[in-house]
Amino acid sequence: MNTKDFRSLSPQAQEDLRRKAVKAVRKGRTRQEVAELFDVTRQSVGAWVQRYAEKGVKALKAQRRGRRPGSRLQPWQAAQVVKTITDQHPEQLKMPFYLWTRKAVLLLIQKRFGIKISVWTAGRYLARWGFTPQKPIRRAFEQDPEKVRQWLQQEYPAIRRQAKREKALIYWGDEMGARSDHAAGRSFSRKGQTPVVPGTGRRFGCNMISAITNRGQLSFMVFKERFCIPVFRTFLKRLVRHTQRKIFLIVDGHPVHRSIKIKKWLKVHRAHIRLFFLPGYSPELNPDEVLNQDVKTNAVGRRCAHNQNELISHVRGYLRRRQRQPQVVQNYFNEEHVRYAAM
C-alpha cells in the first residue's frame, strides 16, 4: 500500500489524524483497516494506540517541531569547549577517555552546559571549529616543559652561534632497533577479507646508529650486537674520519652517551668533536627520529626479510640511497617539532 508522507501535514492535522485513528481502533476496527482508511502505515496506527494506552490523550497532541530549546551551543560556550580541547586532555578532566573523540566532546558539552547532542552533531562542531582526526604523538609524563623551553629558546640557539664561530657542523644522532615483524602500510583486498602477507615466523632484528645534518649529510652504521660503548665509539671515530670540519653532535641522554669512557675519548678528541644533550624524554625534538621512522616504515615494514642478513641488507641499502638524496634528508627538518633545527 502506498501511503502519504505523514510528516508533510501540519502539526494540528497530525494531531487530528491520530485522534481519529485511535478512536476508530477503540470502536472495533482493526489496525490494518484504520491504516487503509486514513492512508497511513499500520505500524504508525499501532504506535499511536500504544501511546494512548500508556499516557492518554495528551500523548497524541502535536509536538513542537525543530531544534529543541537550549540544544544549540552559544558562541561563548563553543569558545570554552575549543579552549578545553586545545589545552587539556580528557584524563585531566577525569573523563573516561584517553583521546578527544566525538563521544568525549559530546560528554564534555553535556557535563559542562547540560546540553545533549548526538555524536554526529559533535563531529560537525569539531569540523566547524577546525579540528580533524589525527594520530597523536606520544609524550612522556616525565618530560620537563621548562627544560624544553630553555632548549628551544636558549641552549640550541647558543649551540648554533658557537658552531658558526668555530665553523663546526651540527649533527643530530640517534640509535634504533629494527625487528623483522614490524609491519607498515596497507594492501587492497575485498571487503571483509583481510589480506594475508606471507612471511617467516622467526623473529630477528638488527640495530643502527645514524647522524644527519640540516644540509642533507647522513652517516650511519648497521650492526647486530646491542648498542654499547665500543659500538658508539666506533661510530664516533667514523664520523670524525669522514667529516672535514669540527663536529657538534646532539644526542639524547642514553647512558652510553654519558659514560665515563666516552667522556674520556671525547676529551682526547675535543678539537674534532663535541657532544650536546637534548632535554630528557624529548625524542620529538630530534630530527634523526624522522629518519628512524622513514627506515622502519619503508626499509623494514614494507619489505619481507627472510633472515637477519637480509634485513641488514635492506636497512643498509635504504640508508645508502638516502645518502644520495640530501634533499630528502633536508626535508626531515620540515617536520613541525624539529623545524627549529632547520636553521
# chains A, B, ... in the order shown; residues from 1 in each chain; ligands from 1
$ residues_around --residues "segment 296-312 of chain A" --least-positions-apart "3" --cutoff "10 Å" --atoms "only C-alpha atoms" --output "PyMOL selection string"
chain A and resi 176-186+197-208+222-224+290-293+315-319
$ write_last_selection --atoms "N, CA and C atoms" --output "JSON list (two decimals), in the first residue's frame"
[["chain", "number", "residue", "atom", "x", "y", "z"],
["A", 176, "MET", "N", 68.54, 3.07, 16.85],
["A", 176, "MET", "CA", 67.23, 2.45, 16.64],
["A", 176, "MET", "C", 67.40, 0.95, 16.42],
["A", 177, "GLY", "N", 66.44, 0.18, 16.91],
["A", 177, "GLY", "CA", 66.41, -1.25, 16.66],
["A", 177, "GLY", "C", 65.34, -1.56, 15.62],
["A", 178, "ALA", "N", 65.63, -2.46, 14.68],
["A", 178, "ALA", "CA", 64.67, -2.86, 13.65],
["A", 178, "ALA", "C", 64.33, -4.34, 13.84],
["A", 179, "ARG", "N", 63.03, -4.66, 13.81],
["A", 179, "ARG", "CA", 62.58, -6.04, 14.01],
["A", 179, "ARG", "C", 61.92, -6.58, 12.75],
["A", 180, "SER", "N", 62.05, -7.86, 12.55],
["A", 180, "SER", "CA", 61.52, -8.48, 11.34],
["A", 180, "SER", "C", 60.01, -8.49, 11.30],
["A", 181, "ASP", "N", 59.34, -8.40, 12.47],
["A", 181, "ASP", "CA", 57.88, -8.48, 12.50],
["A", 181, "ASP", "C", 57.21, -7.11, 12.45],
["A", 182, "HIS", "N", 58.00, -6.06, 12.20],
["A", 182, "HIS", "CA", 57.41, -4.72, 12.08],
["A", 182, "HIS", "C", 56.68, -4.62, 10.74],
["A", 183, "ALA", "N", 55.43, -4.16, 10.78],
["A", 183, "ALA", "CA", 54.63, -4.04, 9.56],
["A", 183, "ALA", "C", 54.17, -2.60, 9.38],
["A", 184, "ALA", "N", 54.07, -2.17, 8.14],
["A", 184, "ALA", "CA", 53.61, -0.80, 7.84],
["A", 184, "ALA", "C", 52.87, -0.81, 6.53],
["A", 185, "GLY", "N", 51.99, 0.17, 6.35],
["A", 185, "GLY", "CA", 51.27, 0.31, 5.10],
["A", 185, "GLY", "C", 50.02, -0.54, 5.05],
["A", 186, "ARG", "N", 49.26, -0.41, 3.95],
["A", 186, "ARG", "CA", 48.02, -1.13, 3.77],
["A", 186, "ARG", "C", 48.01, -1.80, 2.40],
["A", 197, "VAL", "N", 49.77, -11.50, 4.28],
["A", 197, "VAL", "CA", 51.10, -11.33, 3.69],
["A", 197, "VAL", "C", 52.00, -12.45, 4.21],
["A", 198, "PRO", "N", 52.56, -13.26, 3.35],
["A", 198, "PRO", "CA", 53.42, -14.36, 3.82],
["A", 198, "PRO", "C", 54.73, -13.82, 4.37],
["A", 199, "GLY", "N", 55.23, -14.47, 5.38],
["A", 199, "GLY", "CA", 56.50, -14.05, 5.98],
["A", 199, "GLY", "C", 56.98, -15.12, 6.95],
["A", 200, "THR", "N", 58.22, -15.03, 7.35],
["A", 200, "THR", "CA", 58.79, -16.01, 8.26],
["A", 200, "THR", "C", 58.21, -15.86, 9.65],
["A", 201, "GLY", "N", 58.07, -16.97, 10.35],
["A", 201, "GLY", "CA", 57.58, -16.94, 11.72],
["A", 201, "GLY", "C", 58.68, -16.67, 12.73],
["A", 202, "ARG", "N", 59.91, -16.67, 12.26],
["A", 202, "ARG", "CA", 61.03, -16.38, 13.16],
["A", 202, "ARG", "C", 61.16, -14.88, 13.39],
["A", 203, "ARG", "N", 61.63, -14.51, 14.55],
["A", 203, "ARG", "CA", 61.85, -13.10, 14.87],
["A", 203, "ARG", "C", 63.34, -12.83, 14.97],
["A", 204, "PHE", "N", 63.76, -11.81, 14.29],
["A", 204, "PHE", "CA", 65.16, -11.40, 14.34],
["A", 204, "PHE", "C", 65.22, -9.90, 14.11],
["A", 205, "GLY", "N", 66.35, -9.32, 14.34],
["A", 205, "GLY", "CA", 66.46, -7.87, 14.19],
["A", 205, "GLY", "C", 67.89, -7.43, 14.01],
["A", 206, "CYS", "N", 68.04, -6.14, 13.92],
["A", 206, "CYS", "CA", 69.37, -5.53, 13.85],
["A", 206, "CYS", "C", 69.25, -4.13, 14.44],
["A", 207, "ASN", "N", 70.36, -3.49, 14.62],
["A", 207, "ASN", "CA", 70.39, -2.13, 15.19],
["A", 207, "ASN", "C", 71.11, -1.19, 14.24],
["A", 208, "MET", "N", 70.81, 0.07, 14.35],
["A", 208, "MET", "CA", 71.50, 1.07, 13.55],
["A", 208, "MET", "C", 71.71, 2.33, 14.37],
["A", 222, "VAL", "N", 75.18, 0.05, 10.67],
["A", 222, "VAL", "CA", 74.24, -1.01, 10.99],
["A", 222, "VAL", "C", 75.01, -2.15, 11.64],
["A", 223, "PHE", "N", 74.49, -2.70, 12.73],
["A", 223, "PHE", "CA", 75.23, -3.71, 13.47],
["A", 223, "PHE", "C", 74.28, -4.71, 14.11],
["A", 224, "LYS", "N", 74.81, -5.90, 14.47],
["A", 224, "LYS", "CA", 74.00, -6.96, 15.04],
["A", 224, "LYS", "C", 73.97, -6.92, 16.57],
["A", 290, "VAL", "N", 63.00, 11.28, 12.70],
["A", 290, "VAL", "CA", 62.22, 11.24, 11.46],
["A", 290, "VAL", "C", 62.86, 10.25, 10.50],
["A", 291, "LEU", "N", 64.19, 10.24, 10.45],
["A", 291, "LEU", "CA", 64.89, 9.23, 9.64],
["A", 291, "LEU", "C", 64.58, 7.83, 10.15],
["A", 292, "ASN", "N", 64.59, 7.65, 11.47],
["A", 292, "ASN", "CA", 64.28, 6.34, 12.05],
["A", 292, "ASN", "C", 62.92, 5.83, 11.58],
["A", 293, "GLN", "N", 61.93, 6.72, 11.61],
["A", 293, "GLN", "CA", 60.59, 6.32, 11.20],
["A", 293, "GLN", "C", 60.54, 6.00, 9.71],
["A", 315, "VAL", "N", 68.11, -2.58, 5.29],
["A", 315, "VAL", "CA", 68.32, -1.33, 6.04],
["A", 315, "VAL", "C", 69.52, -0.57, 5.49],
["A", 316, "ARG", "N", 70.63, -1.29, 5.28],
["A", 316, "ARG", "CA", 71.84, -0.64, 4.80],
["A", 316, "ARG", "C", 71.64, -0.07, 3.40],
["A", 317, "GLY", "N", 70.98, -0.83, 2.53],
["A", 317, "GLY", "CA", 70.74, -0.34, 1.17],
["A", 317, "GLY", "C", 69.85, 0.89, 1.16],
["A", 318, "TYR", "N", 68.83, 0.91, 2.03],
["A", 318, "TYR", "CA", 67.92, 2.06, 2.07],
["A", 318, "TYR", "C", 68.65, 3.30, 2.57],
["A", 319, "LEU", "N", 69.51, 3.14, 3.58],
["A", 319, "LEU", "CA", 70.26, 4.28, 4.11],
["A", 319, "LEU", "C", 71.26, 4.80, 3.08]]
$ closest_atom_pairs --of "segment 127-182 of chain A" --to "segment 251-273 of chain A" --cutoff "12 Å" --atoms "only C-alpha atoms" --output "tab-separated table"
residue	atom	partner	partner_atom	distance
A:Ala163	CA	A:Ile273	CA	11.1
A:Glu166	CA	A:Ala271	CA	10.3
A:Lys167	CA	A:His272	CA	11.2
A:Ala168	CA	A:Ile273	CA	8.7
A:Leu169	CA	A:Ile273	CA	9.5
A:Ile170	CA	A:Ile273	CA	10.0
A:Tyr171	CA	A:Val251	CA	8.8
A:Trp172	CA	A:Val251	CA	6.2
A:Gly173	CA	A:Val251	CA	5.2
A:Asp174	CA	A:Val251	CA	6.2
A:Glu175	CA	A:Val251	CA	9.3
$ residues_around --residues "Trp100 of chain A" --least-positions-apart "3" --cutoff "12 Å" --atoms "only C-alpha atoms" --output "short mmCIF file (atom, residue, chain, number, x, y, z; two decimals) with C-alpha atoms, in the first residue's frame"
data_model
loop_
_atom_site.label_atom_id
_atom_site.label_comp_id
_atom_site.auth_asym_id
_atom_site.auth_seq_id
_atom_site.Cartn_x
_atom_site.Cartn_y
_atom_site.Cartn_z
CA VAL A 81 34.95 23.86 24.52
CA VAL A 82 37.58 24.71 21.89
CA THR A 84 39.44 22.91 26.70
CA ILE A 85 40.13 20.53 23.80
CA THR A 86 43.23 22.53 22.83
CA ASP A 87 44.75 22.92 26.29
CA GLN A 88 43.75 19.77 28.18
CA HIS A 89 43.38 16.01 27.84
CA PRO A 90 40.21 14.10 28.81
CA GLU A 91 42.08 12.35 31.63
CA GLN A 92 42.90 15.71 33.21
CA LEU A 93 39.16 16.38 33.41
CA MET A 95 36.68 11.78 31.90
CA PRO A 96 36.69 8.07 30.87
CA PHE A 97 38.59 8.79 27.67
CA LYS A 103 31.93 10.89 22.22
CA ALA A 104 34.35 12.63 24.56
CA VAL A 105 33.37 16.03 23.16
CA LEU A 106 29.63 15.42 23.46
CA LEU A 107 30.14 14.25 27.07
CA LEU A 108 32.17 17.39 27.80
CA ALA A 122 29.72 16.66 17.85
CA GLY A 123 31.53 15.74 14.62
CA LEU A 126 34.60 19.74 15.54
CA PHE A 131 39.57 20.07 14.28
CA THR A 132 40.46 16.96 12.27
CA PRO A 133 41.17 13.36 13.45
CA GLN A 134 44.94 12.87 13.65
CA LYS A 135 47.36 10.31 15.01
CA PRO A 136 48.67 11.76 18.28
#
$ select_by_dssp --residues "segment 80-258 of chain A" --states "alpha helix (DSSP H)" --output "VMD selection string"
chain A and resid 80 to 87 102 to 113 119 to 128 145 to 150 156 to 166 229 to 242
$ residues_around --residues "Gly46 of chain A" --least-positions-apart "3" --cutoff "12 Å" --atoms "only C-alpha atoms" --output "list in words"
Arg18, Ala21, Val22, Val25, Arg26, Thr30, Arg31, Gln32, Glu33, Val34, Ala35, Val40, Thr41, Arg42, Gln43, Val49, Gln50, Arg51, Tyr52 and Ala53 of chain A
$ write_last_selection --atoms "N, CA and C atoms" --output "PDB file, in the first residue's frame"
ATOM      1  N   ARG A  18      -4.301  11.463  14.399  1.00  0.00           N
ATOM      2  CA  ARG A  18      -4.001  10.492  15.455  1.00  0.00           C
ATOM      3  C   ARG A  18      -5.258  10.195  16.285  1.00  0.00           C
ATOM      4  N   ALA A  21      -7.739   8.098  14.295  1.00  0.00           N
ATOM      5  CA  ALA A  21      -7.274   6.720  14.113  1.00  0.00           C
ATOM      6  C   ALA A  21      -7.436   5.911  15.386  1.00  0.00           C
ATOM      7  N   VAL A  22      -7.051   6.496  16.513  1.00  0.00           N
ATOM      8  CA  VAL A  22      -7.172   5.788  17.793  1.00  0.00           C
ATOM      9  C   VAL A  22      -8.646   5.533  18.126  1.00  0.00           C
ATOM     10  N   VAL A  25      -9.945   2.601  16.142  1.00  0.00           N
ATOM     11  CA  VAL A  25      -9.474   1.314  16.671  1.00  0.00           C
ATOM     12  C   VAL A  25     -10.256   0.949  17.929  1.00  0.00           C
ATOM     13  N   ARG A  26     -10.547   1.937  18.779  1.00  0.00           N
ATOM     14  CA  ARG A  26     -11.277   1.673  20.021  1.00  0.00           C
ATOM     15  C   ARG A  26     -12.718   1.240  19.747  1.00  0.00           C
ATOM     16  N   THR A  30      -9.970  -2.936  12.930  1.00  0.00           N
ATOM     17  CA  THR A  30      -8.596  -3.449  13.029  1.00  0.00           C
ATOM     18  C   THR A  30      -7.609  -2.347  12.650  1.00  0.00           C
ATOM     19  N   ARG A  31      -6.376  -2.514  13.066  1.00  0.00           N
ATOM     20  CA  ARG A  31      -5.342  -1.513  12.771  1.00  0.00           C
ATOM     21  C   ARG A  31      -5.077  -1.432  11.271  1.00  0.00           C
ATOM     22  N   GLN A  32      -5.167  -2.575  10.599  1.00  0.00           N
ATOM     23  CA  GLN A  32      -4.960  -2.570   9.160  1.00  0.00           C
ATOM     24  C   GLN A  32      -6.058  -1.789   8.454  1.00  0.00           C
ATOM     25  N   GLU A  33      -7.308  -1.959   8.897  1.00  0.00           N
ATOM     26  CA  GLU A  33      -8.425  -1.220   8.302  1.00  0.00           C
ATOM     27  C   GLU A  33      -8.273   0.278   8.519  1.00  0.00           C
ATOM     28  N   VAL A  34      -7.895   0.653   9.727  1.00  0.00           N
ATOM     29  CA  VAL A  34      -7.702   2.082  10.039  1.00  0.00           C
ATOM     30  C   VAL A  34      -6.565   2.662   9.206  1.00  0.00           C
ATOM     31  N   ALA A  35      -5.501   1.908   9.046  1.00  0.00           N
ATOM     32  CA  ALA A  35      -4.370   2.379   8.251  1.00  0.00           C
ATOM     33  C   ALA A  35      -4.786   2.642   6.816  1.00  0.00           C
ATOM     34  N   VAL A  40      -2.277   5.748   6.028  1.00  0.00           N
ATOM     35  CA  VAL A  40      -1.028   5.731   6.787  1.00  0.00           C
ATOM     36  C   VAL A  40      -0.600   4.277   6.944  1.00  0.00           C
ATOM     37  N   THR A  41       0.544   4.036   7.605  1.00  0.00           N
ATOM     38  CA  THR A  41       1.017   2.663   7.785  1.00  0.00           C
ATOM     39  C   THR A  41       0.395   2.032   9.024  1.00  0.00           C
ATOM     40  N   ARG A  42       0.306   0.713   8.999  1.00  0.00           N
ATOM     41  CA  ARG A  42      -0.235   0.001  10.158  1.00  0.00           C
ATOM     42  C   ARG A  42       0.644   0.186  11.388  1.00  0.00           C
ATOM     43  N   GLN A  43       1.968   0.299  11.172  1.00  0.00           N
ATOM     44  CA  GLN A  43       2.886   0.487  12.294  1.00  0.00           C
ATOM     45  C   GLN A  43       2.633   1.823  13.000  1.00  0.00           C
ATOM     46  N   VAL A  49      -1.847   3.940  19.114  1.00  0.00           N
ATOM     47  CA  VAL A  49      -2.692   3.219  20.065  1.00  0.00           C
ATOM     48  C   VAL A  49      -1.919   2.914  21.348  1.00  0.00           C
ATOM     49  N   GLN A  50      -0.651   2.511  21.201  1.00  0.00           N
ATOM     50  CA  GLN A  50       0.170   2.182  22.367  1.00  0.00           C
ATOM     51  C   GLN A  50       0.443   3.421  23.202  1.00  0.00           C
ATOM     52  N   ARG A  51       0.746   4.538  22.543  1.00  0.00           N
ATOM     53  CA  ARG A  51       0.986   5.794  23.264  1.00  0.00           C
ATOM     54  C   ARG A  51      -0.267   6.236  24.015  1.00  0.00           C
ATOM     55  N   TYR A  52      -1.438   6.060  23.382  1.00  0.00           N
ATOM     56  CA  TYR A  52      -2.697   6.435  24.030  1.00  0.00           C
ATOM     57  C   TYR A  52      -2.948   5.565  25.257  1.00  0.00           C
ATOM     58  N   ALA A  53      -2.645   4.278  25.126  1.00  0.00           N
ATOM     59  CA  ALA A  53      -2.868   3.363  26.243  1.00  0.00           C
ATOM     60  C   ALA A  53      -1.947   3.677  27.414  1.00  0.00           C
TER      61      ALA A  53
END
$ atom_distance --atom1 "atom CA of Thr101 of chain A" --atom2 "atom CA of Glu284 of chain A"
23.6 Å
$ select_by_dssp --residues "segment 34-184 of chain A" --states "strand (DSSP E or B)" --output "VMD selection string"
chain A and resid 169 to 179
$ write_last_selection --atoms "C-alpha atoms" --output "CSV table (one decimal), in the first residue's frame"
chain,number,residue,atom,x,y,z
A,169,LEU,CA,78.9,21.2,11.5
A,170,ILE,CA,75.9,20.3,13.7
A,171,TYR,CA,74.9,16.6,13.5
A,172,TRP,CA,71.8,15.1,15.2
A,173,GLY,CA,72.3,11.5,16.2
A,174,ASP,CA,70.2,8.6,17.4
A,175,GLU,CA,70.0,4.8,17.7
A,176,MET,CA,67.2,2.4,16.6
A,177,GLY,CA,66.4,-1.2,16.7
A,178,ALA,CA,64.7,-2.9,13.6
A,179,ARG,CA,62.6,-6.0,14.0
$ atom_distance --atom1 "atom CA of Arg161 of chain A" --atom2 "atom CA of Gly216 of chain A"
19.8 Å
$ closest_residue --among "A:Thr234, A:Leu17, A:Gln110, A:Ala59" --to "Asp39 of chain A" --atoms "only C-alpha atoms"
A:Leu17
$ residues_around --residues "segment 140-149 of chain A" --least-positions-apart "5" --cutoff "9 Å" --atoms "only C-alpha atoms" --output "list in words"
Gln154, Leu278, Pro279, Gly280, Tyr281, Ser282 and Leu285 of chain A
$ residues_around --residues "Asn214 of chain A" --least-positions-apart "4" --cutoff "9 Å" --atoms "only C-alpha atoms" --output "VMD selection string"
chain A and resid 170 to 172 287 329 to 333 341 to 343
$ write_last_selection --atoms "N, CA and C atoms" --output "mmCIF file, in the first residue's frame"
data_model
loop_
_atom_site.group_PDB
_atom_site.id
_atom_site.type_symbol
_atom_site.label_atom_id
_atom_site.label_comp_id
_atom_site.auth_asym_id
_atom_site.auth_seq_id
_atom_site.Cartn_x
_atom_site.Cartn_y
_atom_site.Cartn_z
ATOM 1 N N ILE A 170 76.802 20.863 12.689
ATOM 2 C CA ILE A 170 75.907 20.298 13.697
ATOM 3 C C ILE A 170 75.261 19.026 13.156
ATOM 4 N N TYR A 171 75.508 17.923 13.837
ATOM 5 C CA TYR A 171 74.880 16.641 13.525
ATOM 6 C C TYR A 171 73.863 16.295 14.624
ATOM 7 N N TRP A 172 72.812 15.592 14.221
ATOM 8 C CA TRP A 172 71.821 15.072 15.166
ATOM 9 C C TRP A 172 71.883 13.554 15.084
ATOM 10 N N PRO A 287 65.617 15.572 14.981
ATOM 11 C CA PRO A 287 65.288 15.300 13.569
ATOM 12 C C PRO A 287 65.668 13.898 13.118
ATOM 13 N N VAL A 329 66.804 14.139 3.035
ATOM 14 C CA VAL A 329 67.276 14.302 4.412
ATOM 15 C C VAL A 329 66.974 15.720 4.908
ATOM 16 N N GLN A 330 67.149 16.695 4.067
ATOM 17 C CA GLN A 330 66.820 18.074 4.456
ATOM 18 C C GLN A 330 65.336 18.217 4.773
ATOM 19 N N ASN A 331 64.505 17.487 4.050
ATOM 20 C CA ASN A 331 63.062 17.575 4.278
ATOM 21 C C ASN A 331 62.646 17.020 5.639
ATOM 22 N N TYR A 332 63.483 16.162 6.239
ATOM 23 C CA TYR A 332 63.166 15.690 7.589
ATOM 24 C C TYR A 332 63.017 16.862 8.547
ATOM 25 N N PHE A 333 63.763 17.911 8.307
ATOM 26 C CA PHE A 333 63.768 19.065 9.214
ATOM 27 C C PHE A 333 62.537 19.960 9.016
ATOM 28 N N ALA A 341 65.371 23.215 14.108
ATOM 29 C CA ALA A 341 66.730 22.770 13.818
ATOM 30 C C ALA A 341 67.107 22.959 12.354
ATOM 31 N N ALA A 342 66.179 23.452 11.527
ATOM 32 C CA ALA A 342 66.461 23.609 10.091
ATOM 33 C C ALA A 342 67.395 24.781 9.823
ATOM 34 N N MET A 343 67.525 25.666 10.787
ATOM 35 C CA MET A 343 68.377 26.859 10.569
ATOM 36 C C MET A 343 69.823 26.573 10.937
#
$ residues_around --residues "segment 238-241 of chain A" --least-positions-apart "3" --cutoff "9 Å" --atoms "only C-alpha atoms" --output "PyMOL selection string"
chain A and resi 211+219-220+233-235+244-247+272-273
$ closest_residue --among "A:Ala127, A:Leu99, A:Ile229, A:Val45" --to "Arg29 of chain A" --atoms "only C-alpha atoms"
A:Val45
$ closest_residue --among "A:Leu218, A:Ala47, A:Leu60, A:Ala24" --to "Pro11 of chain A" --atoms "only C-alpha atoms"
A:Leu60
